file target15.csv (CSV, C-alpha atoms)
chain,number,residue,atom,x,y,z
A,1,MET,CA,52.5,-33.5,16.2
A,2,ALA,CA,51.0,-30.1,15.3
A,3,GLN,CA,47.5,-29.7,14.2
A,4,GLU,CA,46.2,-27.1,11.9
A,5,ILE,CA,43.3,-25.2,13.3
A,6,LYS,CA,41.1,-23.5,10.7
A,7,LYS,CA,39.2,-20.4,11.5
A,8,SER,CA,35.5,-20.8,10.6
A,9,GLU,CA,33.9,-18.3,8.3
A,10,PRO,CA,31.3,-16.1,10.0
A,11,ALA,CA,27.8,-17.5,9.2
A,12,ALA,CA,25.6,-15.3,7.0
A,13,PRO,CA,22.6,-14.0,8.8
A,14,ALA,CA,19.5,-16.2,8.2
A,15,ALA,CA,16.9,-14.7,6.0
A,16,ARG,CA,14.0,-13.5,8.1
A,17,ALA,CA,10.7,-15.0,7.2
A,18,THR,CA,7.6,-12.8,7.1
A,19,VAL,CA,5.7,-13.3,10.3
A,20,ASP,CA,2.1,-12.4,10.9
A,21,PRO,CA,2.1,-9.7,13.7
A,22,PHE,CA,-0.6,-11.5,15.6
A,23,THR,CA,1.3,-14.8,15.5
A,24,ALA,CA,4.4,-12.9,16.8
A,25,MET,CA,2.3,-11.3,19.6
A,26,ARG,CA,0.8,-14.6,20.5
A,27,ALA,CA,4.3,-16.2,20.7
A,28,GLU,CA,5.5,-13.4,23.0
A,29,MET,CA,2.5,-13.8,25.2
A,30,ASP,CA,3.1,-17.5,25.5
A,31,ARG,CA,6.7,-16.8,26.4
A,32,VAL,CA,5.7,-14.4,29.1
A,33,PHE,CA,3.1,-16.8,30.6
A,34,ASP,CA,5.7,-19.6,30.5
A,35,SER,CA,8.2,-17.5,32.3
A,36,PHE,CA,5.8,-16.8,35.2
A,37,LEU,CA,3.7,-20.0,35.4
A,38,GLY,CA,6.1,-22.7,34.0
A,39,ARG,CA,6.3,-24.4,30.6
A,40,GLY,CA,3.0,-25.1,28.8
A,41,TRP,CA,0.7,-22.6,30.5
A,42,GLY,CA,1.1,-20.0,27.7
A,43,ALA,CA,-0.2,-22.5,25.1
A,44,MET,CA,-3.8,-21.8,25.8
A,45,PRO,CA,-6.1,-22.4,22.8
A,46,THR,CA,-6.7,-19.4,20.7
A,47,VAL,CA,-10.1,-18.3,19.5
A,48,PHE,CA,-8.9,-18.1,15.9
A,49,GLN,CA,-7.1,-21.4,15.6
A,50,ASP,CA,-9.9,-23.3,13.9
A,51,PHE,CA,-10.9,-20.5,11.6
A,52,PRO,CA,-9.5,-20.3,8.0
A,53,ARG,CA,-7.6,-17.1,7.8
A,54,ALA,CA,-5.3,-17.2,4.8
A,55,ASN,CA,-8.0,-17.6,2.1
A,56,GLY,CA,-10.5,-15.2,3.7
A,57,THR,CA,-13.4,-17.7,3.8
A,58,MET,CA,-14.6,-16.7,7.3
A,59,PRO,CA,-17.3,-14.1,6.6
A,60,SER,CA,-17.6,-10.9,8.6
A,61,VAL,CA,-20.9,-10.6,10.5
A,62,ASP,CA,-22.7,-7.6,11.9
A,63,ILE,CA,-25.5,-8.1,14.4
A,64,ARG,CA,-28.0,-5.3,15.3
A,65,ASP,CA,-30.7,-5.5,17.9
A,66,ASP,CA,-33.5,-3.0,18.0
A,67,GLU,CA,-36.9,-3.0,19.7
A,68,LYS,CA,-38.7,-5.0,17.0
A,69,GLU,CA,-36.1,-7.4,15.6
A,70,ILE,CA,-32.5,-8.6,15.5
A,71,VAL,CA,-30.7,-8.3,12.1
A,72,VAL,CA,-27.7,-10.5,11.2
A,73,GLU,CA,-25.8,-9.4,8.1
A,74,ALA,CA,-22.9,-11.6,6.8
A,75,GLU,CA,-20.6,-10.5,4.0
A,76,LEU,CA,-20.5,-13.3,1.4
A,77,PRO,CA,-19.1,-11.7,-1.8
A,78,GLY,CA,-18.8,-14.1,-4.7
A,79,ILE,CA,-20.8,-16.9,-3.0
A,80,ALA,CA,-23.9,-18.1,-4.8
A,81,GLU,CA,-27.2,-18.5,-3.0
A,82,LYS,CA,-27.1,-22.2,-3.7
A,83,ASP,CA,-23.8,-22.5,-1.8
A,84,ILE,CA,-25.3,-21.0,1.4
A,85,ASP,CA,-27.3,-22.8,4.0
A,86,VAL,CA,-29.1,-21.1,6.9
A,87,THR,CA,-30.6,-23.2,9.6
A,88,LEU,CA,-32.2,-22.8,13.0
A,89,ARG,CA,-32.0,-25.7,15.5
A,90,ASP,CA,-32.6,-25.6,19.3
A,91,GLY,CA,-32.3,-21.8,19.4
A,92,VAL,CA,-29.0,-21.7,17.4
A,93,LEU,CA,-28.9,-19.9,14.0
A,94,THR,CA,-26.2,-21.4,11.8
A,95,ILE,CA,-24.9,-19.9,8.5
A,96,ARG,CA,-22.8,-22.4,6.5
A,97,GLY,CA,-21.5,-22.4,3.0
A,98,GLU,CA,-18.7,-22.9,0.6
A,99,LYS,CA,-16.7,-20.5,-1.4
A,100,LYS,CA,-15.4,-21.7,-4.8
A,101,GLY,CA,-13.0,-19.8,-6.9
A,102,VAL,CA,-11.9,-20.8,-10.4
A,103,ARG,CA,-9.5,-18.7,-12.6
A,104,GLU,CA,-8.4,-19.8,-16.0
A,105,GLU,CA,-6.2,-17.9,-18.4
A,106,LYS,CA,-5.0,-19.3,-21.8
A,107,LYS,CA,-2.4,-17.6,-23.9
A,108,ASP,CA,-0.3,-18.8,-26.8
A,109,ASP,CA,2.6,-19.8,-24.6
A,110,TYR,CA,1.0,-20.8,-21.3
A,111,HIS,CA,-2.2,-22.0,-19.7
A,112,LEU,CA,-3.0,-20.9,-16.1
A,113,SER,CA,-5.7,-22.7,-14.0
A,114,GLU,CA,-6.2,-22.0,-10.4
A,115,ARG,CA,-9.0,-23.3,-8.1
A,116,SER,CA,-9.6,-22.4,-4.5
A,117,TYR,CA,-12.2,-23.8,-2.2
A,118,GLY,CA,-13.1,-23.1,1.4
A,119,SER,CA,-16.1,-23.8,3.6
A,120,PHE,CA,-17.3,-21.7,6.6
A,121,GLN,CA,-19.7,-22.0,9.4
A,122,ARG,CA,-20.9,-19.4,11.9
A,123,SER,CA,-23.4,-20.1,14.7
A,124,PHE,CA,-25.2,-17.8,17.0
A,125,ARG,CA,-27.4,-18.6,20.0
A,126,LEU,CA,-30.7,-16.6,19.8
A,127,PRO,CA,-32.7,-15.3,22.7
A,128,ASP,CA,-36.1,-16.8,23.5
A,129,SER,CA,-37.8,-13.7,22.4
A,130,ILE,CA,-37.4,-14.5,18.6
A,131,ASP,CA,-40.5,-15.5,16.6
A,132,GLU,CA,-39.0,-18.5,14.8
A,133,GLU,CA,-41.9,-18.7,12.3
A,134,LYS,CA,-41.2,-15.3,10.9
A,135,ILE,CA,-37.4,-15.4,10.3
A,136,ALA,CA,-36.5,-14.2,6.7
A,137,ALA,CA,-33.2,-14.3,4.8
A,138,LYS,CA,-32.2,-12.4,1.7
A,139,LEU,CA,-28.9,-12.4,-0.3
A,140,GLU,CA,-28.3,-9.1,-2.1
A,141,SER,CA,-25.0,-7.7,-3.5
A,142,GLY,CA,-22.9,-10.2,-1.6
A,143,VAL,CA,-24.6,-9.5,1.8
A,144,LEU,CA,-26.8,-12.1,3.4
A,145,ARG,CA,-29.4,-10.3,5.6
A,146,ILE,CA,-31.3,-12.4,8.1
A,147,ALA,CA,-34.2,-10.6,9.9
A,148,LEU,CA,-35.2,-12.2,13.2
A,149,PRO,CA,-38.4,-10.6,14.4
A,150,LYS,CA,-39.2,-10.5,18.1
A,151,ARG,CA,-42.5,-11.9,19.5
A,152,PRO,CA,-45.1,-9.3,20.2
A,153,GLU,CA,-44.9,-9.9,24.0
A,154,ALA,CA,-41.1,-9.3,23.8
A,155,VAL,CA,-41.6,-5.9,22.2
A,156,LYS,CA,-42.6,-3.8,25.1
A,157,ALA,CA,-42.2,-0.2,25.8
A,158,GLU,CA,-39.1,0.7,27.7
A,159,LYS,CA,-39.8,1.8,31.3
A,160,ARG,CA,-37.5,4.3,32.9
A,161,ILE,CA,-36.7,3.6,36.5
A,162,SER,CA,-35.8,6.5,38.7
A,163,ILE,CA,-32.8,6.4,41.0
A,164,ALA,CA,-33.3,7.6,44.5
A,165,SER,CA,-30.4,9.4,46.2
A,166,LYS,CA,-29.8,9.7,49.9

call {"tool": "encode", "arguments": {"input": "target15.csv", "output": "structure tokens"}}
result
Amino acid sequence: MAQEIKKSEPAAPAARATVDPFTAMRAEMDRVFDSFLGRGWGAMPTVFQDFPRANGTMPSVDIRDDEKEIVVEAELPGIAEKDIDVTLRDGVLTIRGEKKGVREEKKDDYHLSERSYGSFQRSFRLPDSIDEEKIAAKLESGVLRIALPKRPEAVKAEKRISIASK
């Protein structure tokens, strides 16, 4: 008895999903580590895995240290002062808050309502030289500025040490 064998149609190429370049790089690094060290070694935890990325709720922070104080500046556009909490506990400065976004648009033929929420928290260990009683914070134009003055005994003149050569 003869059987009819049908030739299958070539499959259409799958649509390529947009991939974050850092995710692709991470996957390639995992593959390389797995090939050298065995399965599972490449799956080390990433620094960014717990941070919200897509909605941009993790604020950028700049830290400057000069002879009299340390200044922490966090970009918090669109976040009200009442939604920000700055605390100091056991030498750790914590900035925490919540970003709330609401957009409503009403026209004759449609009604658009979007709400987005995201909370963030950034913590920094402070050196012992900080005068905790004089810390001051100010929110201006979407930038939170925290001034952390150093104790007077910590603010000493820099001494240059000469290097002897043989």

call {"tool": "atom_distance", "arguments": {"input": "target15.csv", "atom1": "atom CA of A:Tyr117", "atom2": "atom CA of A:Gly78"}}
result
12.0 Å

call {"tool": "closest_residue", "arguments": {"input": "target15.csv", "among": "A:Lys138, A:Arg145, A:Arg151, A:Asp131", "to": "A:Asp62", "atoms": "all atoms listed in the file"}}
result
A:Arg145

call {"tool": "atom_distance", "arguments": {"input": "target15.csv", "atom1": "atom CA of A:Glu153", "atom2": "atom CA of A:Val86"}}
result
25.8 Å

call {"tool": "atom_distance", "arguments": {"input": "target15.csv", "atom1": "atom CA of A:Arg96", "atom2": "atom CA of A:Ser119"}}
result
7.4 Å

call {"tool": "residues_around", "arguments": {"input": "target15.csv", "residues": "stretch 99-107 of chain A", "least_positions_apart": "5", "cutoff": "10 Å", "atoms": "only C-alpha atoms", "output": "PDB file with C-alpha atoms, in the coordinates of the input"}}
result
ATOM      1  CA  ASN A  55      -8.000 -17.600   2.100  1.00  0.00           C
ATOM      2  CA  GLY A  56     -10.500 -15.200   3.700  1.00  0.00           C
ATOM      3  CA  THR A  57     -13.400 -17.700   3.800  1.00  0.00           C
ATOM      4  CA  MET A  58     -14.600 -16.700   7.300  1.00  0.00           C
ATOM      5  CA  LEU A  76     -20.500 -13.300   1.400  1.00  0.00           C
ATOM      6  CA  PRO A  77     -19.100 -11.700  -1.800  1.00  0.00           C
ATOM      7  CA  GLY A  78     -18.800 -14.100  -4.700  1.00  0.00           C
ATOM      8  CA  ILE A  79     -20.800 -16.900  -3.000  1.00  0.00           C
ATOM      9  CA  ALA A  80     -23.900 -18.100  -4.800  1.00  0.00           C
ATOM     10  CA  ASP A  83     -23.800 -22.500  -1.800  1.00  0.00           C
ATOM     11  CA  ILE A  84     -25.300 -21.000   1.400  1.00  0.00           C
ATOM     12  CA  LEU A 112      -3.000 -20.900 -16.100  1.00  0.00           C
ATOM     13  CA  SER A 113      -5.700 -22.700 -14.000  1.00  0.00           C
ATOM     14  CA  GLU A 114      -6.200 -22.000 -10.400  1.00  0.00           C
ATOM     15  CA  ARG A 115      -9.000 -23.300  -8.100  1.00  0.00           C
ATOM     16  CA  SER A 116      -9.600 -22.400  -4.500  1.00  0.00           C
ATOM     17  CA  TYR A 117     -12.200 -23.800  -2.200  1.00  0.00           C
ATOM     18  CA  GLY A 118     -13.100 -23.100   1.400  1.00  0.00           C
ATOM     19  CA  SER A 119     -16.100 -23.800   3.600  1.00  0.00           C
ATOM     20  CA  PHE A 120     -17.300 -21.700   6.600  1.00  0.00           C
TER      21      PHE A 120
END

call {"tool": "build_atoms", "arguments": {"input": "target15.csv", "residues": "stretch 110-138 of chain A", "atoms": "N, CA and C atoms", "output": "PDB file, in the coordinates of the input"}}
result
ATOM      1  N   TYR A 110       1.218 -20.180 -22.631  1.00  0.00           N
ATOM      2  CA  TYR A 110       1.000 -20.800 -21.300  1.00  0.00           C
ATOM      3  C   TYR A 110      -0.533 -20.962 -21.075  1.00  0.00           C
ATOM      4  N   HIS A 111      -0.821 -21.793 -20.097  1.00  0.00           N
ATOM      5  CA  HIS A 111      -2.200 -22.000 -19.700  1.00  0.00           C
ATOM      6  C   HIS A 111      -2.184 -21.999 -18.133  1.00  0.00           C
ATOM      7  N   LEU A 112      -2.933 -21.073 -17.527  1.00  0.00           N
ATOM      8  CA  LEU A 112      -3.000 -20.900 -16.100  1.00  0.00           C
ATOM      9  C   LEU A 112      -4.382 -21.380 -15.609  1.00  0.00           C
ATOM     10  N   SER A 113      -4.407 -22.252 -14.609  1.00  0.00           N
ATOM     11  CA  SER A 113      -5.700 -22.700 -14.000  1.00  0.00           C
ATOM     12  C   SER A 113      -5.501 -22.796 -12.531  1.00  0.00           C
ATOM     13  N   GLU A 114      -6.288 -21.982 -11.820  1.00  0.00           N
ATOM     14  CA  GLU A 114      -6.200 -22.000 -10.400  1.00  0.00           C
ATOM     15  C   GLU A 114      -7.638 -22.224  -9.820  1.00  0.00           C
ATOM     16  N   ARG A 115      -7.692 -23.039  -8.794  1.00  0.00           N
ATOM     17  CA  ARG A 115      -9.000 -23.300  -8.100  1.00  0.00           C
ATOM     18  C   ARG A 115      -8.750 -23.188  -6.630  1.00  0.00           C
ATOM     19  N   SER A 116      -9.686 -22.528  -5.970  1.00  0.00           N
ATOM     20  CA  SER A 116      -9.600 -22.400  -4.500  1.00  0.00           C
ATOM     21  C   SER A 116     -10.978 -22.713  -3.927  1.00  0.00           C
ATOM     22  N   TYR A 117     -10.984 -23.426  -2.822  1.00  0.00           N
ATOM     23  CA  TYR A 117     -12.200 -23.800  -2.200  1.00  0.00           C
ATOM     24  C   TYR A 117     -12.070 -23.541  -0.668  1.00  0.00           C
ATOM     25  N   GLY A 118     -13.126 -23.228  -0.031  1.00  0.00           N
ATOM     26  CA  GLY A 118     -13.100 -23.100   1.400  1.00  0.00           C
ATOM     27  C   GLY A 118     -14.528 -23.062   1.946  1.00  0.00           C
ATOM     28  N   SER A 119     -14.738 -23.775   3.032  1.00  0.00           N
ATOM     29  CA  SER A 119     -16.100 -23.800   3.600  1.00  0.00           C
ATOM     30  C   SER A 119     -16.020 -22.993   4.931  1.00  0.00           C
ATOM     31  N   PHE A 120     -17.172 -22.523   5.348  1.00  0.00           N
ATOM     32  CA  PHE A 120     -17.300 -21.700   6.600  1.00  0.00           C
ATOM     33  C   PHE A 120     -18.536 -22.127   7.301  1.00  0.00           C
ATOM     34  N   GLN A 121     -18.549 -21.820   8.593  1.00  0.00           N
ATOM     35  CA  GLN A 121     -19.700 -22.000   9.400  1.00  0.00           C
ATOM     36  C   GLN A 121     -19.685 -21.032  10.569  1.00  0.00           C
ATOM     37  N   ARG A 122     -20.743 -20.281  10.759  1.00  0.00           N
ATOM     38  CA  ARG A 122     -20.900 -19.400  11.900  1.00  0.00           C
ATOM     39  C   ARG A 122     -22.183 -19.688  12.583  1.00  0.00           C
ATOM     40  N   SER A 123     -22.170 -19.783  13.909  1.00  0.00           N
ATOM     41  CA  SER A 123     -23.400 -20.100  14.700  1.00  0.00           C
ATOM     42  C   SER A 123     -23.579 -19.053  15.765  1.00  0.00           C
ATOM     43  N   PHE A 124     -24.851 -18.750  16.036  1.00  0.00           N
ATOM     44  CA  PHE A 124     -25.200 -17.800  17.000  1.00  0.00           C
ATOM     45  C   PHE A 124     -26.396 -18.251  17.840  1.00  0.00           C
ATOM     46  N   ARG A 125     -26.295 -18.199  19.168  1.00  0.00           N
ATOM     47  CA  ARG A 125     -27.400 -18.600  20.000  1.00  0.00           C
ATOM     48  C   ARG A 125     -28.380 -17.378  20.050  1.00  0.00           C
ATOM     49  N   LEU A 126     -29.652 -17.682  19.806  1.00  0.00           N
ATOM     50  CA  LEU A 126     -30.700 -16.600  19.800  1.00  0.00           C
ATOM     51  C   LEU A 126     -31.429 -16.568  21.081  1.00  0.00           C
ATOM     52  N   PRO A 127     -31.898 -15.385  21.436  1.00  0.00           N
ATOM     53  CA  PRO A 127     -32.700 -15.300  22.700  1.00  0.00           C
ATOM     54  C   PRO A 127     -34.073 -15.907  22.455  1.00  0.00           C
ATOM     55  N   ASP A 128     -34.744 -16.215  23.546  1.00  0.00           N
ATOM     56  CA  ASP A 128     -36.100 -16.800  23.500  1.00  0.00           C
ATOM     57  C   ASP A 128     -37.129 -15.906  22.916  1.00  0.00           C
ATOM     58  N   SER A 129     -36.837 -14.630  22.839  1.00  0.00           N
ATOM     59  CA  SER A 129     -37.800 -13.700  22.400  1.00  0.00           C
ATOM     60  C   SER A 129     -38.030 -13.649  20.871  1.00  0.00           C
ATOM     61  N   ILE A 130     -37.265 -14.439  20.115  1.00  0.00           N
ATOM     62  CA  ILE A 130     -37.400 -14.500  18.600  1.00  0.00           C
ATOM     63  C   ILE A 130     -38.580 -15.273  18.204  1.00  0.00           C
ATOM     64  N   ASP A 131     -39.330 -14.751  17.240  1.00  0.00           N
ATOM     65  CA  ASP A 131     -40.500 -15.500  16.600  1.00  0.00           C
ATOM     66  C   ASP A 131     -39.885 -16.315  15.489  1.00  0.00           C
ATOM     67  N   GLU A 132     -39.634 -17.573  15.760  1.00  0.00           N
ATOM     68  CA  GLU A 132     -39.000 -18.500  14.800  1.00  0.00           C
ATOM     69  C   GLU A 132     -39.734 -18.667  13.508  1.00  0.00           C
ATOM     70  N   GLU A 133     -41.036 -18.505  13.533  1.00  0.00           N
ATOM     71  CA  GLU A 133     -41.900 -18.700  12.300  1.00  0.00           C
ATOM     72  C   GLU A 133     -41.751 -17.571  11.333  1.00  0.00           C
ATOM     73  N   LYS A 134     -41.250 -16.426  11.750  1.00  0.00           N
ATOM     74  CA  LYS A 134     -41.200 -15.300  10.900  1.00  0.00           C
ATOM     75  C   LYS A 134     -39.791 -14.851  10.446  1.00  0.00           C
ATOM     76  N   ILE A 135     -38.811 -15.720  10.652  1.00  0.00           N
ATOM     77  CA  ILE A 135     -37.400 -15.400  10.300  1.00  0.00           C
ATOM     78  C   ILE A 135     -37.358 -15.384   8.733  1.00  0.00           C
ATOM     79  N   ALA A 136     -36.672 -14.384   8.196  1.00  0.00           N
ATOM     80  CA  ALA A 136     -36.500 -14.200   6.700  1.00  0.00           C
ATOM     81  C   ALA A 136     -35.073 -13.937   6.402  1.00  0.00           C
ATOM     82  N   ALA A 137     -34.596 -14.529   5.293  1.00  0.00           N
ATOM     83  CA  ALA A 137     -33.200 -14.300   4.800  1.00  0.00           C
ATOM     84  C   ALA A 137     -33.239 -13.849   3.384  1.00  0.00           C
ATOM     85  N   LYS A 138     -32.290 -12.946   3.047  1.00  0.00           N
ATOM     86  CA  LYS A 138     -32.200 -12.400   1.700  1.00  0.00           C
ATOM     87  C   LYS A 138     -30.738 -12.187   1.347  1.00  0.00           C
TER      88      LYS A 138
END
